[in-house]
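Participant: Mind looking over this structure? Questions follow.
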Amino acid sequence: MKNIKLIIGITGGSGVGKTTLINKLYKEFDGKITTLSLDNYYKPKEEQAIDDNGVTNFDLPTALNTKQLEVDLDLLLKNETVKQKIYTFNNPDKADDYLLIEPNEILIVEGLFVMHYPFVKSKLNYSVYLSVDREQQLKRRLKRDMTERNYTEESIIYQWNNHVIPSYDNYVRPYKKESDLIITNDTDFCDNIHVLSKVIHEKID
């Protein structure tokens, strides 16, 4: 178990490639990264907000169990291991599973509201904002949610128009200008990924 030297926040809208970017970093900094994903802190469906049409809205900052998130983040910063339940996005075909998250030299905190929650933002040493063309973003979300989360195309489009985009405009995009680095990922990651790698090397080497 290693002491944390660098805390990186990675944010951006749905389908911008946060997971893909993190996988690239894992390859370059093998054995030195731990990831804390906000996706695993969603509250149960029955605790989520309901919109005017009776549809559950998972795209609000209140959708996450922020108390547990704050507890787990503080444990990692104290060099303690966190046991985290993997959220299955209400897919009944997926069984419960857990992650053991141990402190490492680099801690990546990733998710939609990384910059929106003050208790997370205040602990970041470096923040990365991922940006992508909106049409490409929707295509990626459709493919992911239909194959991995068992959602219908109709429900995905409804969520996109009524929940995803309003949430992005209110709680994610405003932090773009505050981020230390912006990476565009319309087709593949722009050269700024090399800037990120250089920053990490400077901090931990």
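Chain labels follow the order of the structure tokens: the first chain is A, the next B, and so on; residue numbering restarts at 1 in every chain, and ligands are counted from 1 in their shown order.
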Hey, what's within 12 Å of Asp74 in chain A if we count only C-alpha atoms and toss same-chain stuff fewer than 6 positions away? As a list in words, please?

Facilitator: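 So the residues in contact are Ile4, Leu36, Lys67, Gln68, Glu80, Thr81, Val82, Pro103, Phe119, Val120 and Lys123 of chain A.
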
Participant: Write the residues you've just listed into a file as an mmCIF file, in the first residue's frame, and include N, CA and C atoms for each of them.

Facilitator:
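And here is the file that came out, again-v2.cif:
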data_model
loop_
_atom_site.group_PDB
_atom_site.id
_atom_site.type_symbol
_atom_site.label_atom_id
_atom_site.label_comp_id
_atom_site.auth_asym_id
_atom_site.auth_seq_id
_atom_site.Cartn_x
_atom_site.Cartn_y
_atom_site.Cartn_z
ATOM 1 N N ILE A 4 -0.622 8.396 -1.127
ATOM 2 C CA ILE A 4 -1.084 9.149 -2.285
ATOM 3 C C ILE A 4 -0.219 10.395 -2.480
ATOM 4 N N LEU A 36 -11.348 6.060 -7.908
ATOM 5 C CA LEU A 36 -12.587 6.143 -7.144
ATOM 6 C C LEU A 36 -13.653 6.684 -8.096
ATOM 7 N N LYS A 67 -22.661 11.352 1.259
ATOM 8 C CA LYS A 67 -22.108 11.099 2.597
ATOM 9 C C LYS A 67 -21.118 9.942 2.560
ATOM 10 N N GLN A 68 -21.505 8.853 1.881
ATOM 11 C CA GLN A 68 -20.611 7.704 1.787
ATOM 12 C C GLN A 68 -19.402 8.020 0.923
ATOM 13 N N GLU A 80 -6.173 4.254 4.093
ATOM 14 C CA GLU A 80 -6.958 3.086 4.463
ATOM 15 C C GLU A 80 -7.697 2.535 3.246
ATOM 16 N N THR A 81 -7.987 1.234 3.284
ATOM 17 C CA THR A 81 -8.667 0.560 2.178
ATOM 18 C C THR A 81 -10.173 0.778 2.248
ATOM 19 N N VAL A 82 -10.796 0.921 1.077
ATOM 20 C CA VAL A 82 -12.241 1.130 0.981
ATOM 21 C C VAL A 82 -12.873 -0.074 0.284
ATOM 22 N N PRO A 103 -5.163 2.694 -1.367
ATOM 23 C CA PRO A 103 -4.414 3.905 -1.725
ATOM 24 C C PRO A 103 -3.217 3.572 -2.609
ATOM 25 N N PHE A 119 -16.513 19.125 -1.444
ATOM 26 C CA PHE A 119 -15.634 18.280 -0.636
ATOM 27 C C PHE A 119 -14.721 17.408 -1.502
ATOM 28 N N VAL A 120 -15.084 17.226 -2.756
ATOM 29 C CA VAL A 120 -14.202 16.525 -3.696
ATOM 30 C C VAL A 120 -13.264 17.530 -4.371
ATOM 31 N N LYS A 123 -10.112 18.808 -2.688
ATOM 32 C CA LYS A 123 -9.019 17.870 -2.429
ATOM 33 C C LYS A 123 -8.198 17.554 -3.684
#

Participant: Residues of range 49-114 of chain A classed as alpha helix (DSSP H) by DSSP on the backbone are to be reported as a PDB file with C-alpha atoms, in the first residue's frame.

Facilitator:
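Once written, result-v9.pdb looks like this:
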ATOM      1  CA  THR A  66     -22.462  11.947  -1.091  1.00  0.00           C
ATOM      2  CA  LYS A  67     -22.108  11.099   2.597  1.00  0.00           C
ATOM      3  CA  GLN A  68     -20.611   7.704   1.787  1.00  0.00           C
ATOM      4  CA  LEU A  69     -18.505   9.185  -0.984  1.00  0.00           C
ATOM      5  CA  GLU A  70     -16.998  11.700   1.408  1.00  0.00           C
ATOM      6  CA  VAL A  71     -16.335   8.997   4.010  1.00  0.00           C
ATOM      7  CA  ASP A  72     -14.589   6.757   1.485  1.00  0.00           C
ATOM      8  CA  LEU A  73     -12.512   9.575   0.025  1.00  0.00           C
ATOM      9  CA  ASP A  74     -11.339  10.565   3.500  1.00  0.00           C
ATOM     10  CA  LEU A  75     -10.433   6.930   4.271  1.00  0.00           C
ATOM     11  CA  LEU A  76      -8.248   6.731   1.179  1.00  0.00           C
ATOM     12  CA  LEU A  77      -6.533   9.975   2.126  1.00  0.00           C
TER      13      LEU A  77
END

Participant: I need the strand (DSSP E) residues of range 85-164 of chain A per DSSP on the backbone, written as a list in words.

Facilitator: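 Selection result, strand (DSSP E) within range 85-164 of chain A: Lys85, Tyr98, Leu99, Leu100, Ile101, Ile106, Leu107, Ile108, Val109, Glu110, Tyr126, Ser127, Val128, Tyr129, Leu130 and Ser131 of chain A.
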
Participant: Pull N, CA and C atoms from the residues just selected and write them as a compact mmCIF listing (two decimals), in the first residue's frame.

Facilitator:
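out27.txt, written as the output of this step:
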# COMPACT_ATOMS: atom_id res chain seq x y z
N LYS A 85 -19.24 -1.10 -3.14
CA LYS A 85 -20.19 -1.89 -3.92
C LYS A 85 -20.27 -1.32 -5.33
N TYR A 98 -18.23 -6.30 -5.47
CA TYR A 98 -17.56 -5.29 -4.67
C TYR A 98 -16.13 -5.08 -5.14
N LEU A 99 -15.63 -3.88 -4.90
CA LEU A 99 -14.24 -3.54 -5.17
C LEU A 99 -13.53 -3.23 -3.86
N LEU A 100 -12.29 -3.67 -3.76
CA LEU A 100 -11.43 -3.23 -2.66
C LEU A 100 -10.50 -2.17 -3.24
N ILE A 101 -10.64 -0.95 -2.76
CA ILE A 101 -9.85 0.16 -3.29
C ILE A 101 -8.76 0.51 -2.29
N ILE A 106 -1.14 7.54 -7.23
CA ILE A 106 -2.06 8.41 -7.98
C ILE A 106 -3.49 7.99 -7.66
N LEU A 107 -4.29 8.92 -7.19
CA LEU A 107 -5.71 8.66 -6.97
C LEU A 107 -6.50 9.45 -8.01
N ILE A 108 -7.26 8.73 -8.83
CA ILE A 108 -8.14 9.37 -9.81
C ILE A 108 -9.57 9.31 -9.27
N VAL A 109 -10.20 10.47 -9.18
CA VAL A 109 -11.61 10.54 -8.81
C VAL A 109 -12.36 10.96 -10.07
N GLU A 110 -13.26 10.09 -10.55
CA GLU A 110 -13.88 10.37 -11.84
C GLU A 110 -15.40 10.29 -11.76
N TYR A 126 -5.19 18.30 -9.31
CA TYR A 126 -5.22 18.58 -10.75
C TYR A 126 -6.56 18.11 -11.30
N SER A 127 -7.16 18.91 -12.19
CA SER A 127 -8.48 18.56 -12.73
C SER A 127 -8.46 18.50 -14.25
N VAL A 128 -9.14 17.50 -14.80
CA VAL A 128 -9.19 17.28 -16.24
C VAL A 128 -10.64 17.26 -16.69
N TYR A 129 -10.92 18.02 -17.73
CA TYR A 129 -12.27 18.08 -18.29
C TYR A 129 -12.25 17.48 -19.69
N LEU A 130 -13.08 16.45 -19.91
CA LEU A 130 -13.16 15.82 -21.22
C LEU A 130 -14.32 16.40 -22.00
N SER A 131 -14.05 16.71 -23.27
CA SER A 131 -15.06 17.31 -24.14
C SER A 131 -15.19 16.49 -25.42

Participant: Near Glu135 in chain A, within 12 Å and counting only C-alpha atoms, which residues show up once chain neighbours fewer than 2 positions away are dropped, as a PyMOL selection string?

Facilitator: chain A and resi 14-16+131-133+137-142+160+165+186-187

Participant: To one decimal place in Å, what is the distance between CA of Ser37 in chain A and CA of Gly54 in chain A?

Facilitator: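 Separation between CA of Ser37 in chain A and CA of Gly54 in chain A: 28.0 Å.
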
Participant: Considering only C-alpha atoms, can you say which of A:Thr19, A:Thr62, A:Asn104, A:Asn170 comes closest to Ile204 in chain A?

Facilitator: A:Asn104

Participant: Within 9 Å of Phe58 in chain A, counting only C-alpha atoms, which residues show up once you throw out same-chain ones fewer than 6 positions away? Write them as a VMD selection string, please.

Facilitator: chain A and resid 42 to 43 45 48 to 50 64 159 163 to 164

Participant: I need the chosen residues saved as a JSON list (two decimals), in the first residue's frame, with C-alpha atoms.

Facilitator:
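Output contents, as saved in again19.json:
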[["chain", "number", "residue", "atom", "x", "y", "z"],
["A", 42, "TYR", "CA", -25.80, 6.15, -6.91],
["A", 43, "LYS", "CA", -28.64, 5.75, -4.45],
["A", 45, "LYS", "CA", -33.88, 3.77, -7.63],
["A", 48, "GLN", "CA", -34.15, 9.02, -6.76],
["A", 49, "ALA", "CA", -36.02, 12.13, -7.91],
["A", 50, "ILE", "CA", -39.00, 11.73, -10.25],
["A", 64, "LEU", "CA", -25.47, 10.10, -5.37],
["A", 159, "GLN", "CA", -33.25, 10.67, -20.54],
["A", 163, "HIS", "CA", -32.24, 14.71, -17.82],
["A", 164, "VAL", "CA", -28.73, 14.34, -19.26]]

Participant: Could you check which of A:Glu154, A:Ser179, A:Glu105, A:Asn65 is closest to Glu47 in chain A, using only C-alpha atoms?

Facilitator: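 Looking at the shortest contact to Glu47 in chain A, the residue is A:Asn65.
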
Participant: I'd like the neighbourhood of Thr20 in chain A as a ChimeraX atom specification, where a residue qualifies if any of its atoms comes within 12 Å (using only C-alpha atoms), though same-chain residues fewer than 2 positions away should be ignored.

Facilitator: /A:10,15-18,22-27,110,130,185,188-189,193

Participant: At a cut-off of 12 Å, using only C-alpha atoms, what residues contact Lys143 in chain A? Leave out same-chain residues fewer than 5 positions from it and give the result as a PDB file with C-alpha atoms, in the first residue's frame.

Facilitator:
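Result saved to part-v4.pdb:
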ATOM      1  CA  GLY A  15     -20.045   9.286 -23.058  1.00  0.00           C
ATOM      2  CA  GLN A 136     -20.876  11.586 -31.017  1.00  0.00           C
ATOM      3  CA  GLN A 137     -21.582  11.698 -27.305  1.00  0.00           C
ATOM      4  CA  LEU A 138     -25.166  10.504 -27.811  1.00  0.00           C
ATOM      5  CA  GLU A 148     -24.345  -2.770 -20.751  1.00  0.00           C
ATOM      6  CA  ARG A 149     -27.346  -1.402 -18.866  1.00  0.00           C
ATOM      7  CA  ASN A 150     -30.263  -3.093 -20.587  1.00  0.00           C
ATOM      8  CA  TYR A 151     -32.015   0.197 -21.455  1.00  0.00           C
ATOM      9  CA  THR A 152     -34.268   0.695 -24.479  1.00  0.00           C
ATOM     10  CA  GLU A 153     -33.391   3.230 -27.167  1.00  0.00           C
ATOM     11  CA  ILE A 156     -32.201   6.566 -23.481  1.00  0.00           C
ATOM     12  CA  ILE A 157     -33.337   9.314 -25.844  1.00  0.00           C
TER      13      ILE A 157
END

Participant: Using only C-alpha atoms for the distances, tell me which of A:Tyr171, A:Glu102, A:Gln84, A:Asp96 is nearest to Tyr117 in chain A.

Facilitator: A:Tyr171

Participant: Which distance in Å separates CA of Lys2 in chain A and CA of Ile183 in chain A, to one decimal?

Facilitator: 28.3 Å

Participant: Select, from A:Asn79, A:Asn192, A:Thr11, A:Thr56, the residue with the minimum atom-to-atom distance to Thr34 in chain A, counting only C-alpha atoms.

Facilitator: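 Counting only C-alpha atoms, the residue closest to Thr34 in chain A is A:Asn79.
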
Participant: Using only C-alpha atoms, can you tell me which of A:Asp97, A:Asp145, A:Glu178, A:Asp59 comes closest to Asn161 in chain A?

Facilitator: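 Comparing A:Asp97, A:Asp145, A:Glu178, A:Asp59 against Asn161 in chain A, the winner is A:Asp59.
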
Participant: Which is closest to Ile182 in chain A among A:Leu6, A:Tyr158, A:Gly12, A:Thr147, if we use only C-alpha atoms?

Facilitator: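 Looking only at the distances to Ile182 in chain A, the closest residue turns out to be A:Gly12.
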
Participant: Quick check, in Å to one decimal: how far apart do CA of His116 in chain A and CA of Pro61 in chain A lie?

Facilitator: 8.0 Å
